[in-house]
$ cat input.txt   # compact mmCIF, C-alpha atoms and all ligand atoms
# COMPACT_ATOMS: atom_id res chain seq x y z
CA MET A 6 -112.01 43.33 -203.50
CA GLY A 7 -113.44 42.97 -200.04
CA ALA A 8 -113.98 46.10 -198.02
CA ILE A 9 -113.92 44.88 -194.46
CA LEU A 10 -110.43 46.17 -193.72
CA THR A 11 -110.55 49.39 -195.70
CA ASP A 12 -109.81 52.62 -193.87
CA ARG A 13 -107.65 50.60 -191.50
CA VAL A 14 -103.92 51.08 -191.28
CA ALA A 15 -101.52 48.88 -193.23
CA VAL A 16 -97.89 48.87 -192.09
CA ILE A 17 -95.57 47.95 -194.97
CA THR A 18 -91.92 47.50 -194.04
CA GLY A 19 -89.53 48.41 -196.84
CA GLY A 20 -92.37 50.28 -198.54
CA SER A 21 -90.07 52.80 -200.21
CA ARG A 22 -88.90 50.72 -203.19
CA GLY A 23 -89.56 47.60 -205.24
CA ILE A 24 -92.30 45.21 -204.15
CA GLY A 25 -93.01 47.21 -200.97
CA ARG A 26 -93.55 50.38 -202.98
CA ALA A 27 -95.94 48.67 -205.40
CA THR A 28 -97.78 47.16 -202.43
CA ALA A 29 -98.09 50.53 -200.69
CA LEU A 30 -99.62 52.09 -203.81
CA ALA A 31 -101.98 49.13 -204.35
CA ALA A 32 -103.07 49.03 -200.69
CA ALA A 33 -103.82 52.76 -200.76
CA ARG A 34 -105.94 52.29 -203.89
CA ARG A 35 -107.98 49.77 -201.89
CA GLY A 36 -108.58 52.25 -199.10
CA PHE A 37 -105.90 51.39 -196.57
CA ARG A 38 -104.14 54.17 -194.70
CA VAL A 39 -100.55 53.20 -195.42
CA VAL A 40 -97.51 53.44 -193.17
CA VAL A 41 -94.51 53.31 -195.50
CA GLY A 42 -91.50 51.97 -193.61
CA TYR A 43 -88.02 52.59 -195.00
CA ALA A 44 -84.46 51.91 -193.86
CA THR A 45 -82.43 54.78 -195.31
CA ASN A 46 -84.02 56.08 -198.50
CA LYS A 47 -86.27 58.85 -197.17
CA ALA A 48 -86.65 60.46 -200.59
CA ALA A 49 -88.07 57.23 -202.06
CA ALA A 50 -90.47 56.81 -199.13
CA ASP A 51 -91.59 60.45 -199.37
CA ASP A 52 -92.24 59.92 -203.07
CA VAL A 53 -94.55 56.97 -202.32
CA VAL A 54 -96.42 59.06 -199.75
CA ALA A 55 -96.73 61.92 -202.27
CA GLN A 56 -98.08 59.59 -204.96
CA ILE A 57 -100.66 58.19 -202.58
CA GLY A 58 -101.65 61.69 -201.48
CA ALA A 59 -102.02 62.81 -205.10
CA SER A 60 -104.67 60.09 -205.53
CA ASN A 61 -106.51 61.23 -202.38
CA GLY A 62 -105.09 58.36 -200.33
CA LYS A 63 -103.53 58.65 -196.89
CA ALA A 64 -99.97 57.65 -196.09
CA ILE A 65 -97.04 58.51 -193.86
CA ALA A 66 -93.36 57.56 -194.11
CA VAL A 67 -91.58 56.24 -191.02
CA LYS A 68 -87.90 55.38 -190.80
CA CYS A 69 -87.56 51.83 -189.50
CA ASP A 70 -84.54 49.56 -189.79
CA VAL A 71 -86.18 46.24 -188.94
CA ALA A 72 -82.88 44.97 -187.52
CA ARG A 73 -83.47 47.42 -184.63
CA GLU A 74 -86.20 46.58 -182.14
CA SER A 75 -86.42 50.22 -181.02
CA ASP A 76 -87.17 51.27 -184.61
CA ILE A 77 -89.92 48.62 -184.83
CA LEU A 78 -91.54 49.86 -181.63
CA ALA A 79 -91.44 53.43 -182.96
CA LEU A 80 -92.92 52.29 -186.29
CA PHE A 81 -95.95 50.74 -184.59
CA GLU A 82 -96.36 53.72 -182.25
CA ALA A 83 -96.52 55.95 -185.34
CA ALA A 84 -99.06 53.55 -186.86
CA ASP A 85 -101.20 53.73 -183.68
CA LYS A 86 -101.37 57.50 -184.03
CA PHE A 87 -102.42 57.12 -187.67
CA GLY A 88 -105.38 54.80 -187.03
CA THR A 89 -106.41 51.23 -186.23
CA LEU A 90 -104.02 48.59 -187.50
CA GLY A 91 -105.58 46.15 -189.95
CA ALA A 92 -102.62 44.73 -191.83
CA LEU A 93 -98.88 44.19 -191.71
CA VAL A 94 -96.79 43.38 -194.77
CA ASN A 95 -93.40 42.01 -193.69
CA ASN A 96 -91.69 43.03 -196.91
CA ALA A 97 -88.29 44.46 -195.86
CA GLY A 98 -85.58 42.03 -196.88
CA ILE A 99 -81.98 41.89 -198.03
CA VAL A 100 -79.68 39.63 -200.01
CA GLY A 101 -75.91 39.46 -199.65
CA LYS A 102 -73.31 39.39 -202.40
CA THR A 103 -73.29 36.18 -204.43
CA SER A 104 -71.02 33.69 -202.65
CA ARG A 105 -70.65 30.19 -201.26
CA LEU A 106 -71.27 29.42 -197.59
CA ASP A 107 -67.57 28.74 -197.04
CA GLU A 108 -66.90 32.37 -198.01
CA MET A 109 -69.52 33.96 -195.70
CA SER A 110 -68.68 35.84 -192.51
CA ALA A 111 -70.58 35.40 -189.26
CA GLU A 112 -71.47 39.09 -189.41
CA ARG A 113 -73.10 38.72 -192.82
CA ILE A 114 -75.18 35.73 -191.71
CA ALA A 115 -76.20 37.48 -188.48
CA GLN A 116 -77.33 40.58 -190.39
CA MET A 117 -79.30 38.42 -192.85
CA MET A 118 -81.18 36.73 -190.03
CA ALA A 119 -81.63 40.00 -188.09
CA VAL A 120 -83.33 41.76 -191.02
CA ASN A 121 -85.16 38.93 -192.79
CA VAL A 122 -86.15 36.73 -189.84
CA THR A 123 -85.99 38.50 -186.48
CA GLY A 124 -87.27 41.76 -187.96
CA SER A 125 -90.30 40.00 -189.43
CA LEU A 126 -91.00 38.11 -186.19
CA LEU A 127 -90.82 41.28 -184.09
CA CYS A 128 -93.04 43.24 -186.48
CA ALA A 129 -95.56 40.38 -186.38
CA ARG A 130 -95.39 40.38 -182.58
CA GLU A 131 -96.31 44.07 -182.50
CA ALA A 132 -99.11 43.51 -185.04
CA VAL A 133 -100.57 40.59 -183.06
CA LYS A 134 -100.57 42.70 -179.87
CA ARG A 135 -102.75 45.23 -181.67
CA MET A 136 -104.95 43.08 -183.94
CA SER A 137 -105.64 39.93 -181.90
CA THR A 138 -109.06 39.67 -180.28
CA ARG A 139 -107.16 38.13 -177.35
CA HIS A 140 -105.71 41.60 -176.79
CA GLY A 141 -108.95 43.48 -177.49
CA GLY A 142 -108.22 44.04 -181.19
CA ASN A 143 -110.51 43.63 -184.20
CA GLY A 144 -108.44 41.15 -186.19
CA GLY A 145 -106.35 41.69 -189.28
CA VAL A 146 -103.91 40.19 -191.75
CA ILE A 147 -100.17 39.57 -191.80
CA VAL A 148 -98.51 38.92 -195.17
CA ASN A 149 -94.88 37.78 -195.14
CA LEU A 150 -92.48 37.94 -198.08
CA SER A 151 -90.76 34.61 -198.54
CA SER A 152 -89.04 33.58 -201.78
CA VAL A 153 -88.91 30.57 -204.09
CA ALA A 154 -85.29 30.47 -202.87
CA ALA A 155 -86.72 28.80 -199.74
CA LYS A 156 -87.48 25.77 -201.92
CA LEU A 157 -84.56 26.03 -204.39
CA GLY A 158 -81.82 26.60 -201.79
CA ALA A 159 -79.82 29.18 -203.78
CA ALA A 160 -76.63 27.10 -203.93
CA ASN A 161 -73.53 29.08 -204.94
CA THR A 162 -75.58 32.27 -204.70
CA TYR A 163 -76.87 32.99 -201.19
CA ILE A 164 -77.99 30.05 -199.13
CA ASP A 165 -78.11 32.30 -196.05
CA TYR A 166 -80.90 34.23 -197.79
CA ALA A 167 -82.67 30.99 -198.80
CA ALA A 168 -82.47 29.76 -195.21
CA SER A 169 -83.91 33.04 -193.93
CA LYS A 170 -86.88 32.60 -196.28
CA GLY A 171 -87.30 28.99 -195.16
CA ALA A 172 -87.69 30.42 -191.67
CA ILE A 173 -90.34 32.80 -193.00
CA ASP A 174 -92.30 29.84 -194.38
CA SER A 175 -92.25 28.02 -191.01
CA PHE A 176 -93.11 31.20 -189.12
CA THR A 177 -96.05 31.84 -191.47
CA LEU A 178 -97.52 28.40 -190.84
CA GLY A 179 -96.97 28.48 -187.09
CA LEU A 180 -98.18 32.00 -186.42
CA GLY A 181 -101.19 31.39 -188.65
CA TYR A 182 -102.23 28.44 -186.49
CA GLU A 183 -101.46 30.36 -183.30
CA VAL A 184 -103.76 33.29 -184.04
CA ALA A 185 -106.32 31.70 -186.38
CA ALA A 186 -109.04 31.83 -183.71
CA GLU A 187 -108.12 35.42 -182.77
CA GLY A 188 -109.24 37.11 -185.99
CA ILE A 189 -105.82 37.24 -187.64
CA ARG A 190 -104.91 35.56 -190.94
CA VAL A 191 -101.24 34.97 -191.75
CA ALA A 192 -100.00 34.13 -195.22
CA ALA A 193 -96.84 34.39 -197.29
CA ILE A 194 -95.96 35.03 -200.89
CA ARG A 195 -92.99 33.32 -202.51
CA PRO A 196 -91.96 35.59 -205.38
CA GLY A 197 -89.77 34.25 -208.16
CA LEU A 198 -87.47 36.48 -210.20
CA ILE A 199 -88.89 39.98 -209.87
CA ASP A 200 -87.53 43.08 -211.57
CA THR A 201 -86.37 45.24 -208.62
CA GLU A 202 -83.16 46.77 -207.30
CA ILE A 203 -82.55 43.89 -204.87
CA HIS A 204 -80.44 42.11 -207.51
CA ALA A 205 -78.08 45.09 -207.70
CA SER A 206 -77.51 44.84 -203.96
CA GLY A 207 -76.50 41.21 -204.55
CA GLY A 208 -73.87 42.51 -206.98
CA GLU A 209 -75.65 41.54 -210.21
CA PRO A 210 -78.25 44.10 -211.38
CA ASP A 211 -79.20 41.96 -214.40
CA ARG A 212 -79.59 38.70 -212.45
CA ALA A 213 -83.37 38.43 -212.92
CA HIS A 214 -83.16 39.02 -216.67
CA ARG A 215 -80.18 36.66 -217.06
CA LEU A 216 -82.18 33.83 -215.50
CA ALA A 217 -85.51 34.67 -217.14
CA GLY A 218 -85.06 31.87 -219.69
CA ASN A 219 -85.17 29.32 -216.83
CA VAL A 220 -88.61 30.51 -215.75
CA PRO A 221 -91.42 28.37 -217.23
CA MET A 222 -93.20 31.57 -218.29
CA LYS A 223 -89.90 32.77 -219.85
CA ARG A 224 -89.98 36.21 -218.26
CA VAL A 225 -89.30 38.03 -215.00
CA GLY A 226 -92.19 39.26 -212.88
CA THR A 227 -93.02 42.83 -211.96
CA ALA A 228 -93.35 44.31 -208.49
CA GLU A 229 -96.98 45.03 -209.34
CA GLU A 230 -97.67 41.34 -210.01
CA ILE A 231 -96.47 40.54 -206.49
CA ALA A 232 -98.36 43.50 -205.01
CA ASN A 233 -101.60 42.26 -206.62
CA ALA A 234 -101.25 38.94 -204.82
CA ILE A 235 -100.39 40.66 -201.53
CA VAL A 236 -103.40 42.98 -201.59
CA TRP A 237 -105.64 40.04 -202.48
CA LEU A 238 -104.40 38.27 -199.34
CA MET A 239 -105.01 41.49 -197.39
CA SER A 240 -108.59 41.66 -198.65
CA ASP A 241 -111.71 39.94 -197.42
CA ASP A 242 -111.76 37.99 -200.71
CA ALA A 243 -109.10 35.86 -199.00
CA SER A 244 -111.17 35.51 -195.82
CA TYR A 245 -110.63 31.73 -195.51
CA VAL A 246 -106.92 31.81 -196.34
CA THR A 247 -104.49 31.40 -193.46
CA SER A 248 -101.23 29.55 -192.77
CA ALA A 249 -100.92 29.48 -196.56
CA ILE A 250 -97.95 30.15 -198.83
CA LEU A 251 -98.55 31.24 -202.41
CA ASP A 252 -95.89 30.97 -205.15
CA VAL A 253 -96.04 33.97 -207.51
CA SER A 254 -93.16 32.98 -209.70
CA GLY A 255 -94.23 32.30 -213.29
CA GLY A 256 -93.87 28.62 -212.45
CA ARG A 257 -90.27 28.87 -211.15
P1 LIG B 301 -85.61 46.07 -202.93
O1 LIG B 301 -86.05 46.57 -204.26
O2 LIG B 301 -84.14 45.89 -202.65
O3 LIG B 301 -86.25 47.01 -201.81
C1 LIG B 301 -85.95 46.71 -200.47
C2 LIG B 301 -86.83 47.53 -199.56
O4 LIG B 301 -86.57 47.08 -198.21
C3 LIG B 301 -86.53 49.00 -199.60
O5 LIG B 301 -87.72 49.70 -199.35
C4 LIG B 301 -85.53 49.17 -198.45
O6 LIG B 301 -85.58 50.46 -197.84
C5 LIG B 301 -86.06 48.15 -197.47
N1 LIG B 301 -85.06 47.67 -196.54
C6 LIG B 301 -83.81 47.15 -196.79
N2 LIG B 301 -83.19 46.84 -195.64
C7 LIG B 301 -84.03 47.18 -194.64
C8 LIG B 301 -83.97 47.11 -193.23
N3 LIG B 301 -82.87 46.67 -192.57
N4 LIG B 301 -85.03 47.56 -192.52
C9 LIG B 301 -86.12 48.04 -193.16
N5 LIG B 301 -86.25 48.13 -194.47
C10 LIG B 301 -85.22 47.70 -195.21
O7 LIG B 301 -86.27 44.63 -202.61
P2 LIG B 301 -87.50 43.86 -203.31
O8 LIG B 301 -86.96 43.10 -204.46
O9 LIG B 301 -88.65 44.77 -203.49
O10 LIG B 301 -87.81 42.76 -202.18
C11 LIG B 301 -88.87 42.91 -201.25
C12 LIG B 301 -89.07 41.58 -200.56
O11 LIG B 301 -89.38 40.58 -201.53
C13 LIG B 301 -87.85 41.07 -199.80
O12 LIG B 301 -88.24 40.45 -198.60
C14 LIG B 301 -87.26 40.06 -200.76
O13 LIG B 301 -86.49 39.07 -200.10
C15 LIG B 301 -88.51 39.48 -201.37
N6 LIG B 301 -88.25 38.84 -202.68
C16 LIG B 301 -87.82 39.56 -203.74
C17 LIG B 301 -87.56 38.91 -204.95
C18 LIG B 301 -87.07 39.62 -206.18
O14 LIG B 301 -86.72 38.95 -207.17
N7 LIG B 301 -87.04 40.95 -206.20
C19 LIG B 301 -87.74 37.52 -205.04
C20 LIG B 301 -88.17 36.83 -203.93
C21 LIG B 301 -88.42 37.49 -202.75
P3 LIG B 301 -84.67 51.71 -198.41
O15 LIG B 301 -85.38 52.20 -199.64
O16 LIG B 301 -84.70 52.69 -197.29
O17 LIG B 301 -83.31 51.15 -198.70
$ encode --input "input.txt" --output "structure tokens" --more "lines below"
Ligand code: NAP
Amino acid sequence: MGAILTDRVAVITGGSRGIGRATALAAARRGFRVVVGYATNKAAADDVVAQIGASNGKAIAVKCDVARESDILALFEAADKFGTLGALVNNAGIVGKTSRLDEMSAERIAQMMAVNVTGSLLCAREAVKRMSTRHGGNGGVIVNLSSVAAKLGAANTYIDYAASKGAIDSFTLGLGYEVAAEGIRVAAIRPGLIDTEIHASGGEPDRAHRLAGNVPMKRVGTAEEIANAIVWLMSDDASYVTSAILDVSGGR
């Protein structure tokens, strides 16, 4: 792993559980000082911080609902006090209950876009203000969490979610080009079916395992397998990777 960004701060939204949690632990092992964002589950975020501390890493937990701009500003102010920002992982994301578009409320769709799209854009804005050489920064990395749903469309399941991840793909390409000459790399991961609690929030805790047989590798992925790809993108080993989107999906 490259060392250029170690001892810099990594902000990980939704770092309390699932893929974000695994990424926080992996980033700390690589020397990042980790800001663990969470929406409501303080106990889970505190547990991640404690685990990192027990391995002599440095981490803090900060409450941040990414649907609230004021929370995002507070998250980055806390990060500034913790050290120099070197990475943002736009991981916080939600799914809605399984349904067709003709059953979805405007409120549901608005919340989906507020968390998955606007939240990621605003976090990236704050990261660019700090990391871009145009603003006196030293560069850095932004990793966005997309989904293979962006390509599959998630018909009869949650096309609002798929559309939000399509937006993440476009935003990754565009922002990558925008800041490529300012020391910032921007990339996205498209996970496939990963074994986390997000499926329970969609109303079907066993969804990933039910569909595992459709995955070319015939199994679900782990949060750690996604985290490994994320921390590779965060490292200097990925120094020529930008405006790139990587499927980590067992072939799905
Ligand atoms: P998860 O297990 O449900 O965890 C979600 C995390 O996001 C938690 O830390 C949660 O915080 C946080 N969060 C939820 N709403 C938030 C909000 N409004 N503001 C800030 N944080 C919020 O999810 P996951 O499966 O790890 O998914 C992580 C990312 O990967 C998401 O962007 C998801 O779309 C993407 N992804 C997942 C899969 C999969 O199969 N699991 C596949 C493709 C893409 P609390 O602990 O405080 O609730």
$ closest_residue --input "input.txt" --among "A:Thr162, A:Ser151, A:Ser244, A:Ser175" --to "ligand LIG 301 (chain B)" --atoms "all atoms listed in the file"
A:Ser151
$ residues_near_ligand --input "input.txt" --ligand "ligand LIG 301 (chain B)" --cutoff "7 Å" --atoms "all atoms listed in the file" --output "PDB file with C-alpha atoms, in the coordinates of the input"
ATOM      1  CA  THR A  18     -91.920  47.500-194.040  1.00  0.00           C
ATOM      2  CA  GLY A  19     -89.530  48.410-196.840  1.00  0.00           C
ATOM      3  CA  GLY A  20     -92.370  50.280-198.540  1.00  0.00           C
ATOM      4  CA  SER A  21     -90.070  52.800-200.210  1.00  0.00           C
ATOM      5  CA  ARG A  22     -88.900  50.720-203.190  1.00  0.00           C
ATOM      6  CA  GLY A  23     -89.560  47.600-205.240  1.00  0.00           C
ATOM      7  CA  ILE A  24     -92.300  45.210-204.150  1.00  0.00           C
ATOM      8  CA  GLY A  25     -93.010  47.210-200.970  1.00  0.00           C
ATOM      9  CA  ARG A  26     -93.550  50.380-202.980  1.00  0.00           C
ATOM     10  CA  GLY A  42     -91.500  51.970-193.610  1.00  0.00           C
ATOM     11  CA  TYR A  43     -88.020  52.590-195.000  1.00  0.00           C
ATOM     12  CA  ALA A  44     -84.460  51.910-193.860  1.00  0.00           C
ATOM     13  CA  THR A  45     -82.430  54.780-195.310  1.00  0.00           C
ATOM     14  CA  ASN A  46     -84.020  56.080-198.500  1.00  0.00           C
ATOM     15  CA  LYS A  47     -86.270  58.850-197.170  1.00  0.00           C
ATOM     16  CA  ALA A  49     -88.070  57.230-202.060  1.00  0.00           C
ATOM     17  CA  ALA A  50     -90.470  56.810-199.130  1.00  0.00           C
ATOM     18  CA  CYS A  69     -87.560  51.830-189.500  1.00  0.00           C
ATOM     19  CA  ASP A  70     -84.540  49.560-189.790  1.00  0.00           C
ATOM     20  CA  VAL A  71     -86.180  46.240-188.940  1.00  0.00           C
ATOM     21  CA  ALA A  72     -82.880  44.970-187.520  1.00  0.00           C
ATOM     22  CA  ASN A  96     -91.690  43.030-196.910  1.00  0.00           C
ATOM     23  CA  ALA A  97     -88.290  44.460-195.860  1.00  0.00           C
ATOM     24  CA  GLY A  98     -85.580  42.030-196.880  1.00  0.00           C
ATOM     25  CA  ILE A  99     -81.980  41.890-198.030  1.00  0.00           C
ATOM     26  CA  VAL A 100     -79.680  39.630-200.010  1.00  0.00           C
ATOM     27  CA  VAL A 120     -83.330  41.760-191.020  1.00  0.00           C
ATOM     28  CA  ASN A 121     -85.160  38.930-192.790  1.00  0.00           C
ATOM     29  CA  LEU A 150     -92.480  37.940-198.080  1.00  0.00           C
ATOM     30  CA  SER A 151     -90.760  34.610-198.540  1.00  0.00           C
ATOM     31  CA  SER A 152     -89.040  33.580-201.780  1.00  0.00           C
ATOM     32  CA  VAL A 153     -88.910  30.570-204.090  1.00  0.00           C
ATOM     33  CA  ARG A 195     -92.990  33.320-202.510  1.00  0.00           C
ATOM     34  CA  PRO A 196     -91.960  35.590-205.380  1.00  0.00           C
ATOM     35  CA  GLY A 197     -89.770  34.250-208.160  1.00  0.00           C
ATOM     36  CA  LEU A 198     -87.470  36.480-210.200  1.00  0.00           C
ATOM     37  CA  ILE A 199     -88.890  39.980-209.870  1.00  0.00           C
ATOM     38  CA  ASP A 200     -87.530  43.080-211.570  1.00  0.00           C
ATOM     39  CA  THR A 201     -86.370  45.240-208.620  1.00  0.00           C
ATOM     40  CA  GLU A 202     -83.160  46.770-207.300  1.00  0.00           C
ATOM     41  CA  ILE A 203     -82.550  43.890-204.870  1.00  0.00           C
ATOM     42  CA  HIS A 204     -80.440  42.110-207.510  1.00  0.00           C
ATOM     43  CA  SER A 206     -77.510  44.840-203.960  1.00  0.00           C
ATOM     44  CA  ALA A 213     -83.370  38.430-212.920  1.00  0.00           C
ATOM     45  CA  ALA A 228     -93.350  44.310-208.490  1.00  0.00           C
TER      46      ALA A 228
END
$ residues_around --input "input.txt" --residues "Thr138 in chain A" --least-positions-apart "3" --cutoff "12 Å" --atoms "only C-alpha atoms" --output "VMD selection string"
chain A and resid 132 to 135 141 to 145 184 to 189
$ closest_residue --input "input.txt" --among "A:Asn95, A:Leu157, A:Ala168, A:Thr103" --to "Ile194 in chain A" --atoms "only C-alpha atoms"
A:Asn95
$ atom_distance --input "input.txt" --atom1 "CA of Val67 in chain A" --atom2 "CA of Ala154 in chain A"
29.1 Å
$ closest_residue --input "input.txt" --among "A:Tyr182, A:Tyr245, A:Phe81, A:Tyr166" --to "Met136 in chain A" --atoms "only C-alpha atoms"
A:Phe81
$ atom_distance --input "input.txt" --atom1 "CA of Arg13 in chain A" --atom2 "CA of Leu90 in chain A"
5.8 Å
$ atom_distance --input "input.txt" --atom1 "CA of Glu82 in chain A" --atom2 "CA of Val146 in chain A"
18.2 Å
$ closest_residue --input "input.txt" --among "A:Gly91, A:Gly208, A:Gly171, A:Gly218" --to "Ile17 in chain A" --atoms "all atoms listed in the file"
A:Gly91
$ closest_residue --input "input.txt" --among "A:Ala232, A:Val225, A:Cys128, A:Ala33" --to "Leu78 in chain A" --atoms "all atoms listed in the file"
A:Cys128
$ closest_residue --input "input.txt" --among "A:Ser104, A:Thr123, A:Thr28, A:Ser60" --to "Glu209 in chain A" --atoms "only C-alpha atoms"
A:Ser104
$ residues_around --input "input.txt" --residues "Leu80 in chain A" --least-positions-apart "3" --cutoff "9 Å" --atoms "only C-alpha atoms" --output "PyMOL selection string"
chain A and resi 16+40+42+67-69+75-77+83-85
$ write_last_selection --input "input.txt" --atoms "C-alpha atoms" --output "CSV table (one decimal), in the coordinates of the input"
chain,number,residue,atom,x,y,z
A,16,VAL,CA,-97.9,48.9,-192.1
A,40,VAL,CA,-97.5,53.4,-193.2
A,42,GLY,CA,-91.5,52.0,-193.6
A,67,VAL,CA,-91.6,56.2,-191.0
A,68,LYS,CA,-87.9,55.4,-190.8
A,69,CYS,CA,-87.6,51.8,-189.5
A,75,SER,CA,-86.4,50.2,-181.0
A,76,ASP,CA,-87.2,51.3,-184.6
A,77,ILE,CA,-89.9,48.6,-184.8
A,83,ALA,CA,-96.5,56.0,-185.3
A,84,ALA,CA,-99.1,53.6,-186.9
A,85,ASP,CA,-101.2,53.7,-183.7
$ residues_around --input "input.txt" --residues "range 234-243 of chain A" --least-positions-apart "6" --cutoff "10 Å" --atoms "only C-alpha atoms" --output "VMD selection string"
chain A and resid 6 to 11 15 24 to 25 27 to 29 31 to 35 37 91 to 94 145 to 150 190 to 194 196 249 251 to 253
$ axis_aligned_box --input "input.txt" --around "range 230-237 of chain A" --padding-each-side "3 Å" --output "JSON"
{"center_x": -101.1, "center_y": 41.2, "center_z": -205.8, "size_x": 15.2, "size_y": 10.6, "size_z": 14.5}
$ residues_around --input "input.txt" --residues "Val122 in chain A" --least-positions-apart "6" --cutoff "8 Å" --atoms "all atoms listed in the file" --output "ChimeraX atom specification"
/A:169-170,172-173
$ decode --input "input.txt" --residues "range 161-191 of chain A" --atoms "C-alpha atoms" --output "tab-separated table (two decimals), in the first residue's frame"
chain	number	residue	atom	x	y	z
A	161	ASN	CA	-39.81	-4.04	-9.23
A	162	THR	CA	-37.40	-3.50	-6.35
A	163	TYR	CA	-36.21	0.11	-6.01
A	164	ILE	CA	-35.56	2.01	-9.19
A	165	ASP	CA	-35.33	5.24	-7.17
A	166	TYR	CA	-32.23	3.76	-5.50
A	167	ALA	CA	-30.83	2.60	-8.86
A	168	ALA	CA	-31.35	6.09	-10.28
A	169	SER	CA	-29.59	7.64	-7.29
A	170	LYS	CA	-26.59	5.40	-7.95
A	171	GLY	CA	-26.66	6.29	-11.65
A	172	ALA	CA	-26.28	9.88	-10.50
A	173	ILE	CA	-23.29	8.83	-8.39
A	174	ASP	CA	-21.64	7.34	-11.48
A	175	SER	CA	-22.08	10.57	-13.47
A	176	PHE	CA	-20.94	12.70	-10.55
A	177	THR	CA	-17.83	10.53	-10.14
A	178	LEU	CA	-16.82	10.99	-13.77
A	179	GLY	CA	-17.54	14.71	-13.86
A	180	LEU	CA	-15.95	15.67	-10.57
A	181	GLY	CA	-12.93	13.53	-11.40
A	182	TYR	CA	-12.36	15.53	-14.58
A	183	GLU	CA	-13.06	18.81	-12.79
A	184	VAL	CA	-10.38	18.37	-10.12
A	185	ALA	CA	-7.92	16.04	-11.88
A	186	ALA	CA	-5.34	18.81	-12.25
A	187	GLU	CA	-5.86	19.96	-8.64
A	188	GLY	CA	-4.39	16.92	-6.91
A	189	ILE	CA	-7.68	15.13	-6.24
A	190	ARG	CA	-8.62	11.69	-7.59
A	191	VAL	CA	-12.29	10.69	-7.67
